[in-house]
Amino acid sequence: MPRKALERNPELPYHVYNRSLNKNFYSCDMGRLWQESTALCCILTWIFGARIHSFVLMSNHFHMLISTPEQNLDDCMRYFQSELSRWLSNETESQSNCFGARYKWSIIKNASHYNMVYRYIYQNPLRAGIVTQAEDYPFSTLRGKLGLAKLPCPLYDHEFHGNIPPITEDQDNWLNSVFDGESLQKIRNGLRRKSFHPPLRLQYRKN
């Protein structure tokens with residue numbers, strides 16, 4: 001299947017995702033990998049002019065919500081993945097942790113969709129059963145966003161972020177009420193498209 005042509009937009013955010021080769025778990029210290037990946041996020045901001053809205057690193061993949069005012073998502077992700085792969089190869093003396101394919105992207109075109117993807121990204125550790133509260137996962141920019149830890153890289157609120165509940169107990173409930181299985185699959189299917197197309201109605205379950 002041919003790779004979808006990148007839709008360049010200086011204003012709209014993208015969901016970006018990739019896994020390690022063969023879905024292998026990273027065979028290195030996750031704390032060190034988190035430091036390296038967020039240092040690269042800083043470079044995306046300072047050198048490439050990107051605006052990162054959220055970032056979560058899991059045991060064999062990452063999710064990022066990012067805007068590119070300079071319309072250079074391809075340059076950003078080429079740099080991010082090549083540098084992170086180089087670091088992983090040096091750290092583990094293996095190619096098995098590096099990315100097995102090019103990154104996947106989907107452009108987000110309205111505030112409702114942004115709300116959905118923002119929650120989907122930060123709920124990854126919840127769905128994996130690693131934590132019971134999304135804000136407890138250490139390799140997520142959510143902790144810095146909520147003031148629970150130092151921000152590891154600059155974070156920017158997109159204009160769509162006005163649709164996100166304020167940082168209160170209500171937001172905690174909102175963040176930790178996960179999508180049910182059917183809704184989750186519809187979101188995943190939507191993120192495989194060039195333009196994110198979600199289900200018309202979502203259902204949630206209390207974690």
# chains A, B, ... in the order shown; residues from 1 in each chain; ligands from 1
call {"tool": "select_by_dssp", "arguments": {"residues": "segment 42-190 of chain A", "states": "strand (DSSP E)", "output": "short mmCIF file (atom, residue, chain, number, x, y, z; two decimals) with N, CA and C atoms, in the first residue's frame"}}
result
data_model
loop_
_atom_site.label_atom_id
_atom_site.label_comp_id
_atom_site.auth_asym_id
_atom_site.auth_seq_id
_atom_site.Cartn_x
_atom_site.Cartn_y
_atom_site.Cartn_z
N ARG A 51 5.43 22.65 17.88
CA ARG A 51 4.70 22.91 19.12
C ARG A 51 4.13 21.57 19.60
N ILE A 52 4.67 21.06 20.69
CA ILE A 52 4.23 19.78 21.22
C ILE A 52 3.11 20.01 22.23
N HIS A 53 2.02 19.29 22.06
CA HIS A 53 0.86 19.44 22.94
C HIS A 53 0.77 18.31 23.96
N SER A 54 1.23 17.13 23.61
CA SER A 54 1.30 16.02 24.56
C SER A 54 2.24 14.96 23.99
N PHE A 55 2.86 14.20 24.90
CA PHE A 55 3.79 13.15 24.51
C PHE A 55 3.78 12.07 25.58
N VAL A 56 3.64 10.82 25.14
CA VAL A 56 3.68 9.67 26.05
C VAL A 56 4.59 8.61 25.45
N LEU A 57 5.52 8.12 26.26
CA LEU A 57 6.44 7.06 25.86
C LEU A 57 6.02 5.78 26.57
N HIS A 61 6.53 1.88 22.15
CA HIS A 61 6.00 2.84 21.18
C HIS A 61 5.83 4.20 21.83
N PHE A 62 5.51 5.19 21.01
CA PHE A 62 5.22 6.53 21.54
C PHE A 62 4.01 7.11 20.83
N HIS A 63 3.38 8.08 21.50
CA HIS A 63 2.30 8.88 20.93
C HIS A 63 2.66 10.35 21.14
N MET A 64 2.42 11.16 20.13
CA MET A 64 2.70 12.58 20.22
C MET A 64 1.57 13.36 19.57
N LEU A 65 1.20 14.48 20.18
CA LEU A 65 0.27 15.44 19.58
C LEU A 65 1.09 16.69 19.31
N ILE A 66 1.21 17.08 18.06
CA ILE A 66 2.18 18.10 17.67
C ILE A 66 1.62 18.97 16.55
N SER A 67 1.95 20.25 16.59
CA SER A 67 1.66 21.18 15.48
C SER A 67 2.99 21.63 14.89
N LYS A 104 3.39 7.01 11.78
CA LYS A 104 2.00 7.14 11.31
C LYS A 104 1.48 8.49 11.79
N TRP A 105 0.69 9.15 10.96
CA TRP A 105 0.15 10.44 11.34
C TRP A 105 -1.31 10.56 10.94
N SER A 106 -2.02 11.43 11.65
CA SER A 106 -3.40 11.77 11.32
C SER A 106 -3.63 13.20 11.76
N ILE A 107 -4.17 14.02 10.88
CA ILE A 107 -4.38 15.43 11.18
C ILE A 107 -5.71 15.61 11.93
N SER A 177 -11.63 8.50 32.96
CA SER A 177 -12.79 7.75 32.48
C SER A 177 -12.46 7.28 31.07
N VAL A 178 -12.11 6.02 30.95
CA VAL A 178 -11.57 5.51 29.68
C VAL A 178 -12.68 5.09 28.73
N PHE A 179 -12.34 5.08 27.45
CA PHE A 179 -13.28 4.66 26.41
C PHE A 179 -13.56 3.16 26.54
#
call {"tool": "select_by_dssp", "arguments": {"residues": "segment 67-186 of chain A", "states": "alpha helix (DSSP H)", "output": "number ranges by chain"}}
result
A: 73-92, 111-122, 124-127, 142-145, 169-176, 181-186
call {"tool": "residues_around", "arguments": {"residues": "segment 79-85 of chain A", "least_positions_apart": "3", "cutoff": "8 Å", "atoms": "only C-alpha atoms", "output": "count of residues only"}}
result
12
call {"tool": "residues_around", "arguments": {"residues": "Asp136 of chain A", "least_positions_apart": "6", "cutoff": "10 Å", "atoms": "only C-alpha atoms", "output": "ChimeraX atom specification"}}
result
/A:125-126,130,142-143,148
call {"tool": "write_last_selection", "arguments": {"atoms": "N, CA and C atoms", "output": "tab-separated table (two decimals), in the first residue's frame"}}
result
chain	number	residue	atom	x	y	z
A	125	PRO	N	-1.25	4.52	29.40
A	125	PRO	CA	-0.82	3.71	30.55
A	125	PRO	C	-1.99	3.10	31.33
A	126	LEU	N	-3.13	3.79	31.34
A	126	LEU	CA	-4.33	3.24	31.98
A	126	LEU	C	-4.78	1.99	31.25
A	130	ILE	N	-0.85	-0.22	33.69
A	130	ILE	CA	0.39	0.14	34.39
A	130	ILE	C	0.10	1.02	35.60
A	142	LEU	N	1.96	14.62	30.90
A	142	LEU	CA	0.82	15.00	31.72
A	142	LEU	C	1.24	15.43	33.13
A	143	ARG	N	2.22	14.74	33.71
A	143	ARG	CA	2.65	15.08	35.07
A	143	ARG	C	3.17	16.52	35.13
A	148	LEU	N	2.82	18.26	38.65
A	148	LEU	CA	3.25	17.19	39.54
A	148	LEU	C	4.72	16.87	39.36
call {"tool": "residues_around", "arguments": {"residues": "Lys150 of chain A", "least_positions_apart": "5", "cutoff": "12 Å", "atoms": "only C-alpha atoms", "output": "ChimeraX atom specification"}}
result
/A:38,138-145,155
call {"tool": "write_last_selection", "arguments": {"atoms": "all heavy atoms", "output": "PDB file, in the first residue's frame"}}
result
ATOM      1  N   THR A  38      12.603  13.224  25.391  1.00  0.00           N
ATOM      2  CA  THR A  38      12.100  14.573  25.671  1.00  0.00           C
ATOM      3  C   THR A  38      13.145  15.640  25.341  1.00  0.00           C
ATOM      4  O   THR A  38      12.775  16.772  24.989  1.00  0.00           O
ATOM      5  CB  THR A  38      11.633  14.699  27.136  1.00  0.00           C
ATOM      6  OG1 THR A  38      12.672  14.261  28.025  1.00  0.00           O
ATOM      7  CG2 THR A  38      10.383  13.875  27.377  1.00  0.00           C
ATOM      8  N   PRO A 138       5.035   7.944  34.868  1.00  0.00           N
ATOM      9  CA  PRO A 138       6.184   8.858  34.873  1.00  0.00           C
ATOM     10  C   PRO A 138       6.668   9.303  33.494  1.00  0.00           C
ATOM     11  O   PRO A 138       7.338  10.335  33.392  1.00  0.00           O
ATOM     12  CB  PRO A 138       7.273   8.049  35.592  1.00  0.00           C
ATOM     13  CG  PRO A 138       6.910   6.617  35.359  1.00  0.00           C
ATOM     14  CD  PRO A 138       5.406   6.582  35.330  1.00  0.00           C
ATOM     15  N   PHE A 139       6.335   8.549  32.441  1.00  0.00           N
ATOM     16  CA  PHE A 139       6.893   8.859  31.127  1.00  0.00           C
ATOM     17  C   PHE A 139       5.824   9.499  30.229  1.00  0.00           C
ATOM     18  O   PHE A 139       5.533   9.040  29.127  1.00  0.00           O
ATOM     19  CB  PHE A 139       7.480   7.593  30.489  1.00  0.00           C
ATOM     20  CG  PHE A 139       8.393   6.854  31.434  1.00  0.00           C
ATOM     21  CD1 PHE A 139       8.158   5.533  31.769  1.00  0.00           C
ATOM     22  CD2 PHE A 139       9.485   7.505  32.017  1.00  0.00           C
ATOM     23  CE1 PHE A 139       8.985   4.868  32.649  1.00  0.00           C
ATOM     24  CE2 PHE A 139      10.319   6.849  32.911  1.00  0.00           C
ATOM     25  CZ  PHE A 139      10.068   5.522  33.229  1.00  0.00           C
ATOM     26  N   SER A 140       5.267  10.565  30.766  1.00  0.00           N
ATOM     27  CA  SER A 140       4.171  11.287  30.124  1.00  0.00           C
ATOM     28  C   SER A 140       4.298  12.758  30.466  1.00  0.00           C
ATOM     29  O   SER A 140       4.625  13.105  31.612  1.00  0.00           O
ATOM     30  CB  SER A 140       2.829  10.734  30.637  1.00  0.00           C
ATOM     31  OG  SER A 140       1.757  11.604  30.331  1.00  0.00           O
ATOM     32  N   THR A 141       4.036  13.620  29.509  1.00  0.00           N
ATOM     33  CA  THR A 141       4.085  15.061  29.787  1.00  0.00           C
ATOM     34  C   THR A 141       2.916  15.519  30.642  1.00  0.00           C
ATOM     35  O   THR A 141       2.890  16.665  31.088  1.00  0.00           O
ATOM     36  CB  THR A 141       4.110  15.869  28.479  1.00  0.00           C
ATOM     37  OG1 THR A 141       3.013  15.459  27.644  1.00  0.00           O
ATOM     38  CG2 THR A 141       5.426  15.672  27.731  1.00  0.00           C
ATOM     39  N   LEU A 142       1.964  14.624  30.904  1.00  0.00           N
ATOM     40  CA  LEU A 142       0.818  15.003  31.722  1.00  0.00           C
ATOM     41  C   LEU A 142       1.240  15.426  33.127  1.00  0.00           C
ATOM     42  O   LEU A 142       0.687  16.370  33.691  1.00  0.00           O
ATOM     43  CB  LEU A 142      -0.175  13.837  31.809  1.00  0.00           C
ATOM     44  CG  LEU A 142      -1.433  14.086  32.645  1.00  0.00           C
ATOM     45  CD1 LEU A 142      -2.239  15.261  32.100  1.00  0.00           C
ATOM     46  CD2 LEU A 142      -2.289  12.826  32.706  1.00  0.00           C
ATOM     47  N   ARG A 143       2.222  14.736  33.708  1.00  0.00           N
ATOM     48  CA  ARG A 143       2.653  15.078  35.065  1.00  0.00           C
ATOM     49  C   ARG A 143       3.167  16.517  35.128  1.00  0.00           C
ATOM     50  O   ARG A 143       2.861  17.265  36.054  1.00  0.00           O
ATOM     51  CB  ARG A 143       3.733  14.101  35.540  1.00  0.00           C
ATOM     52  CG  ARG A 143       3.178  12.723  35.846  1.00  0.00           C
ATOM     53  CD  ARG A 143       4.227  11.808  36.422  1.00  0.00           C
ATOM     54  NE  ARG A 143       4.781  12.309  37.669  1.00  0.00           N
ATOM     55  CZ  ARG A 143       4.170  12.255  38.841  1.00  0.00           C
ATOM     56  NH1 ARG A 143       2.962  11.718  38.939  1.00  0.00           N
ATOM     57  NH2 ARG A 143       4.754  12.723  39.932  1.00  0.00           N
ATOM     58  N   GLY A 144       3.957  16.911  34.134  1.00  0.00           N
ATOM     59  CA  GLY A 144       4.427  18.285  34.086  1.00  0.00           C
ATOM     60  C   GLY A 144       3.302  19.258  33.823  1.00  0.00           C
ATOM     61  O   GLY A 144       3.253  20.357  34.394  1.00  0.00           O
ATOM     62  N   LYS A 145       2.356  18.858  32.970  1.00  0.00           N
ATOM     63  CA  LYS A 145       1.217  19.714  32.652  1.00  0.00           C
ATOM     64  C   LYS A 145       0.394  20.009  33.892  1.00  0.00           C
ATOM     65  O   LYS A 145      -0.113  21.129  34.073  1.00  0.00           O
ATOM     66  CB  LYS A 145       0.345  19.013  31.590  1.00  0.00           C
ATOM     67  CG  LYS A 145      -0.894  19.770  31.177  1.00  0.00           C
ATOM     68  CD  LYS A 145      -0.552  21.000  30.388  1.00  0.00           C
ATOM     69  CE  LYS A 145      -1.795  21.704  29.884  1.00  0.00           C
ATOM     70  NZ  LYS A 145      -1.472  22.961  29.177  1.00  0.00           N
ATOM     71  N   LEU A 155       5.667  22.617  26.470  1.00  0.00           N
ATOM     72  CA  LEU A 155       4.346  22.183  26.044  1.00  0.00           C
ATOM     73  C   LEU A 155       3.532  23.414  25.675  1.00  0.00           C
ATOM     74  O   LEU A 155       3.617  24.440  26.356  1.00  0.00           O
ATOM     75  CB  LEU A 155       3.614  21.431  27.160  1.00  0.00           C
ATOM     76  CG  LEU A 155       3.912  19.962  27.404  1.00  0.00           C
ATOM     77  CD1 LEU A 155       2.914  19.409  28.411  1.00  0.00           C
ATOM     78  CD2 LEU A 155       3.906  19.144  26.134  1.00  0.00           C
TER      79      LEU A 155
END
call {"tool": "closest_residue", "arguments": {"among": "A:Arg19, A:Lys109, A:Arg188, A:Arg86", "to": "Asn60 of chain A", "atoms": "only C-alpha atoms"}}
result
A:Arg19
call {"tool": "closest_residue", "arguments": {"among": "A:Ile121, A:Ala39, A:Ile47, A:Met116", "to": "Tyr17 of chain A", "atoms": "only C-alpha atoms"}}
result
A:Ile121
call {"tool": "atom_distance", "arguments": {"atom1": "atom CA of Arg119 of chain A", "atom2": "atom CA of Ile164 of chain A"}}
result
9.3 Å
call {"tool": "closest_residue", "arguments": {"among": "A:Asn90, A:Tyr120, A:Lys23, A:Ala111", "to": "Ser183 of chain A", "atoms": "only C-alpha atoms"}}
result
A:Tyr120
call {"tool": "atom_distance", "arguments": {"atom1": "atom CA of Pro152 of chain A", "atom2": "atom CA of Leu191 of chain A"}}
result
26.1 Å
call {"tool": "closest_residue", "arguments": {"among": "A:Asn18, A:Asn9, A:Asn173, A:Gln133", "to": "Arg78 of chain A", "atoms": "only C-alpha atoms"}}
result
A:Asn18
call {"tool": "decode", "arguments": {"residues": "segment 33-115 of chain A", "atoms": "C-alpha atoms", "output": "short mmCIF file (atom, residue, chain, number, x, y, z; two decimals), in the first residue's frame"}}
result
data_model
loop_
_atom_site.label_atom_id
_atom_site.label_comp_id
_atom_site.auth_asym_id
_atom_site.auth_seq_id
_atom_site.Cartn_x
_atom_site.Cartn_y
_atom_site.Cartn_z
CA LEU A 33 15.04 6.76 27.27
CA TRP A 34 12.48 9.29 28.52
CA GLN A 35 15.23 11.85 29.12
CA GLU A 36 16.61 11.32 25.62
CA SER A 37 13.25 11.43 23.86
CA THR A 38 12.10 14.57 25.67
CA ALA A 39 15.47 16.22 24.97
CA LEU A 40 14.74 15.56 21.30
CA CYS A 41 11.28 17.09 21.78
CA CYS A 42 13.05 20.22 23.01
CA ILE A 43 15.10 20.31 19.82
CA LEU A 44 11.95 19.93 17.72
CA THR A 45 10.68 23.06 19.44
CA TRP A 46 13.88 25.12 19.38
CA ILE A 47 15.28 24.16 15.96
CA PHE A 48 12.28 23.01 13.93
CA GLY A 49 9.68 25.40 15.37
CA ALA A 50 7.30 22.59 16.36
CA ARG A 51 4.70 22.91 19.12
CA ILE A 52 4.23 19.78 21.22
CA HIS A 53 0.86 19.44 22.94
CA SER A 54 1.30 16.02 24.56
CA PHE A 55 3.79 13.15 24.51
CA VAL A 56 3.68 9.67 26.05
CA LEU A 57 6.44 7.06 25.86
CA MET A 58 5.36 3.44 26.34
CA SER A 59 7.44 0.25 26.58
CA ASN A 60 7.65 -0.20 22.79
CA HIS A 61 6.00 2.84 21.18
CA PHE A 62 5.22 6.53 21.54
CA HIS A 63 2.30 8.88 20.93
CA MET A 64 2.70 12.58 20.22
CA LEU A 65 0.27 15.44 19.58
CA ILE A 66 2.18 18.10 17.67
CA SER A 67 1.66 21.18 15.48
CA THR A 68 4.18 22.35 12.89
CA PRO A 69 3.83 26.08 12.06
CA GLU A 70 6.65 25.65 9.53
CA GLN A 71 4.77 22.77 7.84
CA ASN A 72 7.72 20.43 8.39
CA LEU A 73 6.30 17.40 10.18
CA ASP A 74 8.35 15.10 7.93
CA ASP A 75 11.60 16.86 8.87
CA CYS A 76 10.66 16.85 12.56
CA MET A 77 9.89 13.15 12.69
CA ARG A 78 12.84 12.15 10.50
CA TYR A 79 15.15 13.89 12.95
CA PHE A 80 13.36 12.62 16.07
CA GLN A 81 13.31 8.99 14.96
CA SER A 82 16.79 8.86 13.46
CA GLU A 83 18.37 10.41 16.55
CA LEU A 84 16.38 8.26 18.96
CA SER A 85 17.23 5.15 16.93
CA ARG A 86 20.91 6.08 17.00
CA TRP A 87 20.77 6.52 20.76
CA LEU A 88 18.95 3.20 21.24
CA SER A 89 21.48 1.37 19.04
CA ASN A 90 24.39 2.77 21.05
CA GLU A 91 22.68 2.15 24.38
CA THR A 92 21.59 -1.43 23.70
CA GLU A 93 24.13 -2.47 21.04
CA SER A 94 21.20 -3.75 19.03
CA GLN A 95 18.95 -2.69 16.18
CA SER A 96 15.95 -4.55 17.62
CA ASN A 97 14.65 -1.54 19.55
CA CYS A 98 14.70 0.86 16.60
CA PHE A 99 11.62 1.72 14.59
CA GLY A 100 10.41 -0.91 12.17
CA ALA A 101 8.56 1.52 9.88
CA ARG A 102 7.99 5.18 9.23
CA TYR A 103 5.80 7.10 11.65
CA LYS A 104 2.00 7.14 11.31
CA TRP A 105 0.15 10.44 11.34
CA SER A 106 -3.40 11.77 11.32
CA ILE A 107 -4.38 15.43 11.18
CA ILE A 108 -6.89 16.75 13.76
CA LYS A 109 -9.37 19.27 12.36
CA ASN A 110 -11.60 20.42 15.20
CA ALA A 111 -11.74 20.88 18.97
CA SER A 112 -13.96 17.87 19.62
CA HIS A 113 -11.52 15.58 17.83
CA TYR A 114 -8.58 17.19 19.64
CA ASN A 115 -10.29 16.52 22.96
#
